[in-house]
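> Please read through the structure below; I'll follow up with questions.
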Amino acid sequence: MADTQRFEFLLRLGDSDLVLAQRLGEWVGKGPILEEDIALANVGLDLLGQARMWLTYAGEVEGAGRDEDALAYRRDVHQFRNALLCEQPNGNYADTTARQFLYDHWHVLMLRALGRSSDERIAAIAAKAAKEVDYHVERSTDWVIRLGDGTDISHERMQAAIDASWPYAGELFVADAVDEAMARDGVAPDLAALAAPWRAAVTAALADATLVVPTDDWAQRGGRQGKHTEHLGHLLTEMQFLQRAYPDARW
Amino acid sequence: MTSEWPLWEVFIRSQHGLAHKHAGSLHAPDAAMAVKNARDVYTRRNEGVSIWVVRSSDVVASSPGDREALFDPAQSKVYRHPTFFPMPDEVKHI
């Protein structure tokens, strides 16, 4: 059932972007300074736009009449396929930065590889998204270096944030049957092959930031299969409130 | 030392061939971050092809008190204005 697997795969891409966009949206009005507030919202809106393209296509592949809104607002926690990293709470600014940094470096590698997908629609979406994510990588990497190589307090918090986020990044490189099927069909890359370039880029940035690369590579898994941390339900409660309380509301 | 980040003036060039125009100001700890912030604050809607940032403290301004001495003498001298040349319609941005 190639189409079922392709649907699953598209949900993983779309849900990760959607959930992280929602997290970044939570910063709006609370950013440390006006310029960062706007920058975080911009990154969030980029990801939201990408999520819409992935989920719209997922709905078409599924062929059950669900559009992007039905997929975003009418599914419950265990039906979401986002990576666990994306649903982790914002924490302090170092936590938000670490989460973004680890995701961005994976995201850009994934999108570049998807740009060569045998599925033309996926290749087109990825090519468009990669340009935005190039900037996300530049921004989050810059902040990791600034905070890591900053004051004693910012260094300490940035290291703690990297250490805390690290176990959630490993999942991005662990392929299951869906990922293997996608790789076999040339739709998506072999996830494990992204690990080496990701580690090289992340390690180089952490060195510039005078931060230590965590040594324990034990990975928390399950998000991409629908098993989530307790944080996702709370996020969805807020994100889906309007459509749950007032189905099909329009204004 | 103040904990406030310094202020920067942002100039955006909207098209090739046009001059950079003042777009506004923002706070940033250094020049590199000022360019990034300018991109996020002022060029999200396809406004620009180039960004300049300048520390606001480096801008030297004329004094409002000197206004008459600097600008009033030009008013009665119409020959200083290039208004006597017919301009072809094709020439833009003049």
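If you're wondering about the labels, chains in the structure tokens are A, B, ... by order shown, residues count from 1 in each chain, ligands from 1 in order shown.
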Using 9 Å as the limit and counting only C-alpha atoms, can you tabulate each residue of chain A that touches chain B, with its shortest atom-to-atom distance in Å and the two atoms involved, as CSV?


```
residue,atom,partner,partner_atom,distance
A:Ile33,CA,B:His27,CA,8.5
A:Leu34,CA,B:His27,CA,8.4
A:Glu35,CA,B:Asn37,CA,6.0
A:Glu36,CA,B:Asn37,CA,7.6
A:Ile38,CA,B:Val41,CA,6.6
A:Ala39,CA,B:Asp40,CA,5.4
A:Asn42,CA,B:Asp40,CA,7.1
A:Arg139,CA,B:Lys36,CA,8.0
A:Asp142,CA,B:Met33,CA,8.8
```

> What's the 12 Å shell around Ala23 (chain B), counting only C-alpha atoms, without same-chain residues fewer than 4 positions away, as JSON, numbers by chain?

{"B": [8, 9, 10, 11, 12, 13, 14, 38, 39, 41, 42, 43, 47, 48, 50, 51, 52, 53, 54]}

> Keeping only N, CA and C atoms, write those residues as a CSV table (one decimal), in the first residue's frame.


```csv
chain,number,residue,atom,x,y,z
B,8,TRP,N,20.3,51.1,15.5
B,8,TRP,CA,20.8,51.1,14.1
B,8,TRP,C,19.8,51.7,13.1
B,9,GLU,N,20.3,52.5,12.2
B,9,GLU,CA,19.4,53.0,11.1
B,9,GLU,C,19.4,52.0,9.9
B,10,VAL,N,18.3,51.7,9.3
B,10,VAL,CA,18.2,50.7,8.3
B,10,VAL,C,17.9,51.4,6.9
B,11,PHE,N,18.7,51.1,5.9
B,11,PHE,CA,18.4,51.6,4.6
B,11,PHE,C,18.2,50.4,3.6
B,12,ILE,N,17.2,50.5,2.9
B,12,ILE,CA,16.8,49.4,2.0
B,12,ILE,C,16.8,49.9,0.5
B,13,ARG,N,17.4,49.1,-0.4
B,13,ARG,CA,17.3,49.4,-1.8
B,13,ARG,C,16.3,48.5,-2.4
B,14,SER,N,15.2,49.1,-2.9
B,14,SER,CA,14.1,48.3,-3.3
B,14,SER,C,14.3,47.7,-4.7
B,38,ALA,N,17.2,43.5,10.3
B,38,ALA,CA,16.6,44.3,9.3
B,38,ALA,C,15.9,43.5,8.3
B,39,ARG,N,16.4,42.4,7.9
B,39,ARG,CA,15.8,41.4,7.0
B,39,ARG,C,14.5,41.0,7.6
B,41,VAL,N,12.6,42.5,10.0
B,41,VAL,CA,11.7,43.5,10.4
B,41,VAL,C,11.2,44.3,9.1
B,42,TYR,N,12.1,44.5,8.1
B,42,TYR,CA,11.8,45.4,7.1
B,42,TYR,C,11.7,44.8,5.7
B,43,THR,N,12.1,43.6,5.4
B,43,THR,CA,12.1,43.1,4.0
B,43,THR,C,11.4,41.8,3.9
B,47,GLU,N,10.5,43.6,-0.2
B,47,GLU,CA,10.8,45.0,-0.4
B,47,GLU,C,12.2,45.3,-1.0
B,48,GLY,N,13.1,44.4,-0.8
B,48,GLY,CA,14.5,44.9,-1.0
B,48,GLY,C,15.4,43.9,-1.8
B,50,SER,N,18.8,45.0,-1.3
B,50,SER,CA,20.1,45.3,-0.6
B,50,SER,C,19.8,46.0,0.7
B,51,ILE,N,20.5,45.7,1.8
B,51,ILE,CA,20.3,46.4,3.1
B,51,ILE,C,21.6,47.0,3.5
B,52,TRP,N,21.5,48.3,4.0
B,52,TRP,CA,22.6,48.9,4.7
B,52,TRP,C,22.1,49.2,6.2
B,53,VAL,N,23.0,49.0,7.1
B,53,VAL,CA,22.7,49.4,8.5
B,53,VAL,C,23.9,50.3,8.9
B,54,VAL,N,23.5,51.3,9.7
B,54,VAL,CA,24.5,52.3,10.2
B,54,VAL,C,24.1,52.6,11.7
```

> Mind the document's chain letters and residue numbers, and return as a PyMOL selection string the residues of chain B that DSSP labels strand (DSSP E).

chain B and resi 7-13+21-27+50-55

> Store the residues of this selection in a file with N, CA and C atoms, as a PDB file, in the first residue's frame.


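The resulting file, result-v3.pdb, is shown below:
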```
ATOM      1  N   LEU B   7      21.175  51.320  18.888  1.00  0.00           N
ATOM      2  CA  LEU B   7      20.197  51.561  17.826  1.00  0.00           C
ATOM      3  C   LEU B   7      20.909  51.638  16.472  1.00  0.00           C
ATOM      4  N   TRP B   8      20.259  51.098  15.451  1.00  0.00           N
ATOM      5  CA  TRP B   8      20.802  51.112  14.086  1.00  0.00           C
ATOM      6  C   TRP B   8      19.763  51.707  13.140  1.00  0.00           C
ATOM      7  N   GLU B   9      20.257  52.472  12.158  1.00  0.00           N
ATOM      8  CA  GLU B   9      19.364  52.981  11.110  1.00  0.00           C
ATOM      9  C   GLU B   9      19.444  52.030   9.922  1.00  0.00           C
ATOM     10  N   VAL B  10      18.292  51.711   9.346  1.00  0.00           N
ATOM     11  CA  VAL B  10      18.237  50.723   8.265  1.00  0.00           C
ATOM     12  C   VAL B  10      17.901  51.396   6.944  1.00  0.00           C
ATOM     13  N   PHE B  11      18.684  51.070   5.917  1.00  0.00           N
ATOM     14  CA  PHE B  11      18.442  51.590   4.576  1.00  0.00           C
ATOM     15  C   PHE B  11      18.222  50.412   3.628  1.00  0.00           C
ATOM     16  N   ILE B  12      17.152  50.472   2.865  1.00  0.00           N
ATOM     17  CA  ILE B  12      16.797  49.378   1.953  1.00  0.00           C
ATOM     18  C   ILE B  12      16.817  49.886   0.517  1.00  0.00           C
ATOM     19  N   ARG B  13      17.436  49.126  -0.364  1.00  0.00           N
ATOM     20  CA  ARG B  13      17.333  49.429  -1.797  1.00  0.00           C
ATOM     21  C   ARG B  13      16.268  48.516  -2.380  1.00  0.00           C
ATOM     22  N   LYS B  21      17.045  53.698   0.557  1.00  0.00           N
ATOM     23  CA  LYS B  21      16.176  54.657   1.253  1.00  0.00           C
ATOM     24  C   LYS B  21      16.040  54.281   2.718  1.00  0.00           C
ATOM     25  N   HIS B  22      15.958  55.295   3.563  1.00  0.00           N
ATOM     26  CA  HIS B  22      15.806  55.023   4.985  1.00  0.00           C
ATOM     27  C   HIS B  22      14.486  54.306   5.238  1.00  0.00           C
ATOM     28  N   ALA B  23      14.553  53.148   5.919  1.00  0.00           N
ATOM     29  CA  ALA B  23      13.334  52.375   6.156  1.00  0.00           C
ATOM     30  C   ALA B  23      12.878  52.514   7.605  1.00  0.00           C
ATOM     31  N   GLY B  24      13.813  52.723   8.516  1.00  0.00           N
ATOM     32  CA  GLY B  24      13.458  52.819   9.933  1.00  0.00           C
ATOM     33  C   GLY B  24      14.666  52.474  10.778  1.00  0.00           C
ATOM     34  N   SER B  25      14.428  52.118  12.023  1.00  0.00           N
ATOM     35  CA  SER B  25      15.550  51.787  12.899  1.00  0.00           C
ATOM     36  C   SER B  25      15.231  50.542  13.713  1.00  0.00           C
ATOM     37  N   LEU B  26      16.243  49.969  14.332  1.00  0.00           N
ATOM     38  CA  LEU B  26      16.040  48.781  15.170  1.00  0.00           C
ATOM     39  C   LEU B  26      17.203  48.640  16.149  1.00  0.00           C
ATOM     40  N   HIS B  27      17.051  47.728  17.096  1.00  0.00           N
ATOM     41  CA  HIS B  27      18.122  47.444  18.048  1.00  0.00           C
ATOM     42  C   HIS B  27      18.833  46.146  17.671  1.00  0.00           C
ATOM     43  N   SER B  50      18.845  44.973  -1.298  1.00  0.00           N
ATOM     44  CA  SER B  50      20.082  45.274  -0.582  1.00  0.00           C
ATOM     45  C   SER B  50      19.754  46.006   0.720  1.00  0.00           C
ATOM     46  N   ILE B  51      20.528  45.728   1.753  1.00  0.00           N
ATOM     47  CA  ILE B  51      20.312  46.356   3.061  1.00  0.00           C
ATOM     48  C   ILE B  51      21.605  47.032   3.518  1.00  0.00           C
ATOM     49  N   TRP B  52      21.490  48.268   4.007  1.00  0.00           N
ATOM     50  CA  TRP B  52      22.596  48.909   4.724  1.00  0.00           C
ATOM     51  C   TRP B  52      22.146  49.152   6.154  1.00  0.00           C
ATOM     52  N   VAL B  53      23.042  48.986   7.104  1.00  0.00           N
ATOM     53  CA  VAL B  53      22.750  49.418   8.468  1.00  0.00           C
ATOM     54  C   VAL B  53      23.873  50.329   8.945  1.00  0.00           C
ATOM     55  N   VAL B  54      23.516  51.347   9.699  1.00  0.00           N
ATOM     56  CA  VAL B  54      24.476  52.310  10.221  1.00  0.00           C
ATOM     57  C   VAL B  54      24.137  52.566  11.680  1.00  0.00           C
ATOM     58  N   ARG B  55      25.139  52.579  12.541  1.00  0.00           N
ATOM     59  CA  ARG B  55      24.889  52.920  13.947  1.00  0.00           C
ATOM     60  C   ARG B  55      24.267  54.308  14.014  1.00  0.00           C
TER      61      ARG B  55
END
```

> Quick one: residues within 12 Å of Gln50 (chain A), only C-alpha atoms, excluding same-chain residues fewer than 2 positions away - as a ChimeraX atom specification?

/A:10-11,13-21,43-48,52-57,68,107,111,122,124-133

> Can you pull out the residues contacting Ala98 (chain A)? Cut-off 7 Å, using only C-alpha atoms, and skip same-chain residues under 5 positions away; I want them as a list in words.

Val144, Ala161, Ile162 and Ser165 of chain A

> Ranking A:Ala209, A:Ala249, A:Ala192, A:Leu236 by minimum distance to Glu171 (chain A) and counting only C-alpha atoms, which one comes first?

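Residue with the minimum atom-to-atom distance to Glu171 (chain A): A:Ala192.
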